[in-house]
Amino acid sequence: MSHIHWYPGHIAKAQKQLKEKLNLVDVIIEVIDARIPYSSWYKTTDELCGAKPRLILMNKSDVSDPELNKQWANAISKKANCDILITNLSNKNDINIIISKIIKLSQDMLEKRAQKGLLPRPTRTMVIGMPNVGKSSTINRLVKRAKTKTGAKAGVTRQQQWVRINDKIELLDTPGIIPTVQDDQFQALKLACVNSIGENAYDSEYVASELLKILNKKYRINLEQYYGFKKDDNITVESIAIKKGWILKGAQADIKRASQIILSTFREGKIGKFTLENIEEYDLV
Ligand SMILES: Nc1nc2c(ncn2[C@@H]2O[C@H](COP(=O)(O)OP(=O)(O)OP(=O)(O)O)[C@@H](O)[C@H]2O)c(=O)[nH]1
Ligand SMILES: [Mg+2]
């Protein structure tokens, strides 16, 4: 039985639209979630991006496991054959690093133009990624630097605007959403854990209890410390509810409330800085 329901609805259309937008840009910025680097990374981007330079931002590194951030960044950079930056978007300096990286990645394009006798022009870039990974935050941070909107270009839908970030970079002000059509329930589960799937698509009791299974395996000590459990205690949604006093009439654990709080506490990084995926679990070579 599947616990998480994908809405594949208009996937082909979404892909086509994304591809059309990608045709307009020189450098693609893909944002992924550092807590689930594998599941939030778009493995088939090659089909969409072709040979265009791509920069991956492994974002939300402030709430993921610092040890694993580096391992994942290396592994994905190798596998995807592109540059990757570990980012925390509240870090101002990270935006400067992103800007210099985009400029670096556009050198090829500029050289090719020069060879053809064409004048240099600003590098066009856009942000793509799965839901909730930080696409809008990336755009907003970059746009804060911008002086003027440069207006719509031919071939671009009316709502879209190019924003001049500096003399060298123009950014499309709307992100490309990667359609998350999958039939992999485990991937869906992890996307639900980090809030990348609409709440209507899953049962929070199921997602919270599966999240606790993963955390019991990978980050047991943090769970014990945060919720005040001992080494041999069973840490489940129910035992946490009882411990916290989230109780319904008749002394029953309030599973629904507990599940929601456990999920939001995890998402805010309060229990600890966790990465739900280890490189060894995947075939990355
Ligand atoms: N901890 C942390 N939170 C972040 C970071 N970047 C973004 N967020 C938060 O993540 C949430 C989603 O960010 P958005 O920028 O709206 O993500 P999005 O990809 O545009 O999401 P959709 O438009 O829903 O697809 C917001 O609450 C942001 O504040 C980060 O580096 N660290
Ligand atoms: Mg957004």
# chains A, B, ... in the order shown; residues from 1 in each chain; ligands from 1
call {"tool": "closest_atom_pairs", "arguments": {"of": "chain A", "to": "ligand 1", "cutoff": "7 Å", "atoms": "only C-alpha atoms and all ligand atoms", "output": "Markdown table"}}
result
| residue | atom | partner | partner_atom_place_in_ligand_line | distance |
| --- | --- | --- | --- | --- |
| A:Asn59 | CA | ligand 1 | 31 (O) | 5.0 |
| A:Lys60 | CA | ligand 1 | 31 (O) | 3.5 |
| A:Ser61 | CA | ligand 1 | 31 (O) | 6.1 |
| A:Asp62 | CA | ligand 1 | 32 (N) | 5.6 |
| A:Val63 | CA | ligand 1 | 1 (N) | 5.5 |
| A:Thr87 | CA | ligand 1 | 31 (O) | 6.0 |
| A:Asn88 | CA | ligand 1 | 31 (O) | 3.4 |
| A:Leu89 | CA | ligand 1 | 31 (O) | 3.9 |
| A:Ser90 | CA | ligand 1 | 31 (O) | 5.9 |
| A:Gly129 | CA | ligand 1 | 19 (O) | 6.5 |
| A:Met130 | CA | ligand 1 | 25 (O) | 6.1 |
| A:Pro131 | CA | ligand 1 | 25 (O) | 3.3 |
| A:Asn132 | CA | ligand 1 | 21 (O) | 3.2 |
| A:Val133 | CA | ligand 1 | 19 (O) | 4.1 |
| A:Gly134 | CA | ligand 1 | 17 (O) | 3.3 |
| A:Lys135 | CA | ligand 1 | 19 (O) | 3.6 |
| A:Ser136 | CA | ligand 1 | 20 (O) | 3.6 |
| A:Ser137 | CA | ligand 1 | 15 (O) | 3.6 |
| A:Thr138 | CA | ligand 1 | 15 (O) | 6.3 |
| A:Ile177 | CA | ligand 1 | 25 (O) | 6.5 |
| A:Glu268 | CA | ligand 1 | 1 (N) | 6.7 |
call {"tool": "residues_around", "arguments": {"residues": "Trp41 of chain A", "least_positions_apart": "6", "cutoff": "9 Å", "atoms": "only C-alpha atoms", "output": "PyMOL selection string"}}
result
chain A and resi 30-33+56+76+129-130
call {"tool": "write_last_selection", "arguments": {"atoms": "N, CA and C atoms", "output": "PDB file, in the first residue's frame"}}
result
ATOM      1  N   GLU A  30      20.614  24.859  -9.340  1.00  0.00           N
ATOM      2  CA  GLU A  30      19.665  23.894  -8.780  1.00  0.00           C
ATOM      3  C   GLU A  30      19.823  23.868  -7.262  1.00  0.00           C
ATOM      4  N   VAL A  31      18.721  24.103  -6.557  1.00  0.00           N
ATOM      5  CA  VAL A  31      18.767  24.082  -5.095  1.00  0.00           C
ATOM      6  C   VAL A  31      18.297  22.713  -4.607  1.00  0.00           C
ATOM      7  N   ILE A  32      19.070  22.112  -3.699  1.00  0.00           N
ATOM      8  CA  ILE A  32      18.635  20.853  -3.082  1.00  0.00           C
ATOM      9  C   ILE A  32      18.662  21.029  -1.560  1.00  0.00           C
ATOM     10  N   ASP A  33      18.040  20.105  -0.848  1.00  0.00           N
ATOM     11  CA  ASP A  33      17.949  20.191   0.609  1.00  0.00           C
ATOM     12  C   ASP A  33      19.025  19.297   1.225  1.00  0.00           C
ATOM     13  N   ILE A  56      24.977  23.563  -8.216  1.00  0.00           N
ATOM     14  CA  ILE A  56      24.042  23.013  -7.227  1.00  0.00           C
ATOM     15  C   ILE A  56      24.276  23.703  -5.883  1.00  0.00           C
ATOM     16  N   ILE A  76      28.044  14.261  -4.854  1.00  0.00           N
ATOM     17  CA  ILE A  76      27.110  14.756  -5.882  1.00  0.00           C
ATOM     18  C   ILE A  76      27.857  15.543  -6.952  1.00  0.00           C
ATOM     19  N   GLY A 129      14.408  23.733  -8.675  1.00  0.00           N
ATOM     20  CA  GLY A 129      14.485  22.822  -7.535  1.00  0.00           C
ATOM     21  C   GLY A 129      13.122  22.312  -7.132  1.00  0.00           C
ATOM     22  N   MET A 130      13.135  21.344  -6.260  1.00  0.00           N
ATOM     23  CA  MET A 130      11.896  20.760  -5.774  1.00  0.00           C
ATOM     24  C   MET A 130      11.222  21.728  -4.792  1.00  0.00           C
TER      25      MET A 130
END
call {"tool": "closest_residue", "arguments": {"among": "A:Asn81, A:Ser196, A:Gln185, A:Thr125", "to": "Val163 of chain A", "atoms": "only C-alpha atoms"}}
result
A:Thr125
call {"tool": "closest_residue", "arguments": {"among": "A:Arg257, A:Arg141, A:Arg124, A:Lys116", "to": "Asn91 of chain A", "atoms": "only C-alpha atoms"}}
result
A:Arg141
call {"tool": "atom_distance", "arguments": {"atom1": "atom CA of Ser106 of chain A", "atom2": "atom CA of Ile128 of chain A"}}
result
17.5 Å
call {"tool": "select_by_dssp", "arguments": {"residues": "segment 54-227 of chain A", "states": "strand (DSSP E or B)", "output": "PyMOL selection string"}}
result
chain A and resi 54-59+83-86+123-129+149-151+162-166+169-172+176-177
call {"tool": "write_last_selection", "arguments": {"atoms": "N, CA and C atoms", "output": "PDB file, in the first residue's frame"}}
result
ATOM      1  N   ARG A  54      25.996  24.070 -14.647  1.00  0.00           N
ATOM      2  CA  ARG A  54      25.012  24.007 -13.577  1.00  0.00           C
ATOM      3  C   ARG A  54      25.724  24.166 -12.246  1.00  0.00           C
ATOM      4  N   LEU A  55      25.076  24.895 -11.362  1.00  0.00           N
ATOM      5  CA  LEU A  55      25.598  25.066 -10.008  1.00  0.00           C
ATOM      6  C   LEU A  55      24.562  24.501  -9.043  1.00  0.00           C
ATOM      7  N   ILE A  56      24.977  23.563  -8.216  1.00  0.00           N
ATOM      8  CA  ILE A  56      24.042  23.013  -7.227  1.00  0.00           C
ATOM      9  C   ILE A  56      24.276  23.703  -5.883  1.00  0.00           C
ATOM     10  N   LEU A  57      23.193  24.171  -5.272  1.00  0.00           N
ATOM     11  CA  LEU A  57      23.291  24.720  -3.917  1.00  0.00           C
ATOM     12  C   LEU A  57      22.727  23.681  -2.959  1.00  0.00           C
ATOM     13  N   MET A  58      23.598  23.136  -2.122  1.00  0.00           N
ATOM     14  CA  MET A  58      23.118  22.184  -1.128  1.00  0.00           C
ATOM     15  C   MET A  58      22.721  23.009   0.084  1.00  0.00           C
ATOM     16  N   ASN A  59      21.449  23.351   0.126  1.00  0.00           N
ATOM     17  CA  ASN A  59      20.974  24.401   1.018  1.00  0.00           C
ATOM     18  C   ASN A  59      20.448  23.854   2.355  1.00  0.00           C
ATOM     19  N   ASP A  83      29.633  22.045 -10.319  1.00  0.00           N
ATOM     20  CA  ASP A  83      30.034  22.690  -9.072  1.00  0.00           C
ATOM     21  C   ASP A  83      28.917  22.602  -8.046  1.00  0.00           C
ATOM     22  N   ILE A  84      29.310  22.532  -6.778  1.00  0.00           N
ATOM     23  CA  ILE A  84      28.303  22.495  -5.724  1.00  0.00           C
ATOM     24  C   ILE A  84      28.762  23.388  -4.576  1.00  0.00           C
ATOM     25  N   LEU A  85      27.834  24.118  -3.999  1.00  0.00           N
ATOM     26  CA  LEU A  85      28.146  24.942  -2.831  1.00  0.00           C
ATOM     27  C   LEU A  85      27.250  24.521  -1.683  1.00  0.00           C
ATOM     28  N   ILE A  86      27.831  24.426  -0.496  1.00  0.00           N
ATOM     29  CA  ILE A  86      27.039  24.122   0.695  1.00  0.00           C
ATOM     30  C   ILE A  86      26.549  25.460   1.238  1.00  0.00           C
ATOM     31  N   THR A 123      25.311  37.253 -18.130  1.00  0.00           N
ATOM     32  CA  THR A 123      24.965  35.837 -18.054  1.00  0.00           C
ATOM     33  C   THR A 123      23.544  35.704 -17.553  1.00  0.00           C
ATOM     34  N   ARG A 124      22.766  34.882 -18.237  1.00  0.00           N
ATOM     35  CA  ARG A 124      21.389  34.660 -17.769  1.00  0.00           C
ATOM     36  C   ARG A 124      21.331  33.397 -16.934  1.00  0.00           C
ATOM     37  N   THR A 125      20.657  33.532 -15.813  1.00  0.00           N
ATOM     38  CA  THR A 125      20.596  32.380 -14.921  1.00  0.00           C
ATOM     39  C   THR A 125      19.196  32.230 -14.343  1.00  0.00           C
ATOM     40  N   MET A 126      18.866  31.018 -13.901  1.00  0.00           N
ATOM     41  CA  MET A 126      17.598  30.824 -13.202  1.00  0.00           C
ATOM     42  C   MET A 126      17.747  29.747 -12.143  1.00  0.00           C
ATOM     43  N   VAL A 127      16.829  29.773 -11.195  1.00  0.00           N
ATOM     44  CA  VAL A 127      16.881  28.856 -10.062  1.00  0.00           C
ATOM     45  C   VAL A 127      15.821  27.770 -10.257  1.00  0.00           C
ATOM     46  N   ILE A 128      16.245  26.520 -10.112  1.00  0.00           N
ATOM     47  CA  ILE A 128      15.275  25.428 -10.185  1.00  0.00           C
ATOM     48  C   ILE A 128      15.402  24.552  -8.933  1.00  0.00           C
ATOM     49  N   GLY A 129      14.408  23.733  -8.675  1.00  0.00           N
ATOM     50  CA  GLY A 129      14.485  22.822  -7.535  1.00  0.00           C
ATOM     51  C   GLY A 129      13.122  22.312  -7.132  1.00  0.00           C
ATOM     52  N   LYS A 149      14.956  46.270 -12.643  1.00  0.00           N
ATOM     53  CA  LYS A 149      14.369  45.151 -13.384  1.00  0.00           C
ATOM     54  C   LYS A 149      14.598  45.443 -14.847  1.00  0.00           C
ATOM     55  N   THR A 150      14.968  44.448 -15.595  1.00  0.00           N
ATOM     56  CA  THR A 150      15.325  44.732 -16.982  1.00  0.00           C
ATOM     57  C   THR A 150      14.176  44.499 -17.954  1.00  0.00           C
ATOM     58  N   GLY A 151      13.035  44.094 -17.430  1.00  0.00           N
ATOM     59  CA  GLY A 151      11.876  43.944 -18.310  1.00  0.00           C
ATOM     60  C   GLY A 151      11.829  42.610 -19.008  1.00  0.00           C
ATOM     61  N   TRP A 162      13.335  39.562 -16.024  1.00  0.00           N
ATOM     62  CA  TRP A 162      14.760  39.387 -15.771  1.00  0.00           C
ATOM     63  C   TRP A 162      15.186  40.492 -14.831  1.00  0.00           C
ATOM     64  N   VAL A 163      15.918  40.109 -13.832  1.00  0.00           N
ATOM     65  CA  VAL A 163      16.419  41.097 -12.890  1.00  0.00           C
ATOM     66  C   VAL A 163      17.932  41.159 -13.041  1.00  0.00           C
ATOM     67  N   ARG A 164      18.426  42.386 -13.157  1.00  0.00           N
ATOM     68  CA  ARG A 164      19.872  42.561 -13.271  1.00  0.00           C
ATOM     69  C   ARG A 164      20.485  42.499 -11.873  1.00  0.00           C
ATOM     70  N   ILE A 165      21.281  41.485 -11.616  1.00  0.00           N
ATOM     71  CA  ILE A 165      21.870  41.330 -10.284  1.00  0.00           C
ATOM     72  C   ILE A 165      23.098  42.231 -10.142  1.00  0.00           C
ATOM     73  N   ASN A 166      23.892  42.247 -11.195  1.00  0.00           N
ATOM     74  CA  ASN A 166      25.017  43.194 -11.282  1.00  0.00           C
ATOM     75  C   ASN A 166      25.342  43.336 -12.772  1.00  0.00           C
ATOM     76  N   ILE A 169      25.340  39.671 -14.369  1.00  0.00           N
ATOM     77  CA  ILE A 169      24.359  38.592 -14.196  1.00  0.00           C
ATOM     78  C   ILE A 169      22.915  39.090 -14.266  1.00  0.00           C
ATOM     79  N   GLU A 170      22.105  38.349 -15.013  1.00  0.00           N
ATOM     80  CA  GLU A 170      20.654  38.560 -15.007  1.00  0.00           C
ATOM     81  C   GLU A 170      19.977  37.283 -14.532  1.00  0.00           C
ATOM     82  N   LEU A 171      18.952  37.488 -13.707  1.00  0.00           N
ATOM     83  CA  LEU A 171      18.285  36.329 -13.104  1.00  0.00           C
ATOM     84  C   LEU A 171      16.801  36.357 -13.449  1.00  0.00           C
ATOM     85  N   LEU A 172      16.268  35.203 -13.798  1.00  0.00           N
ATOM     86  CA  LEU A 172      14.820  35.102 -14.010  1.00  0.00           C
ATOM     87  C   LEU A 172      14.153  35.146 -12.640  1.00  0.00           C
ATOM     88  N   GLY A 176      12.051  27.665 -11.388  1.00  0.00           N
ATOM     89  CA  GLY A 176      11.505  26.505 -12.081  1.00  0.00           C
ATOM     90  C   GLY A 176      11.270  25.419 -11.050  1.00  0.00           C
ATOM     91  N   ILE A 177      10.027  24.958 -10.995  1.00  0.00           N
ATOM     92  CA  ILE A 177       9.756  23.908 -10.013  1.00  0.00           C
ATOM     93  C   ILE A 177       9.926  22.552 -10.669  1.00  0.00           C
TER      94      ILE A 177
END
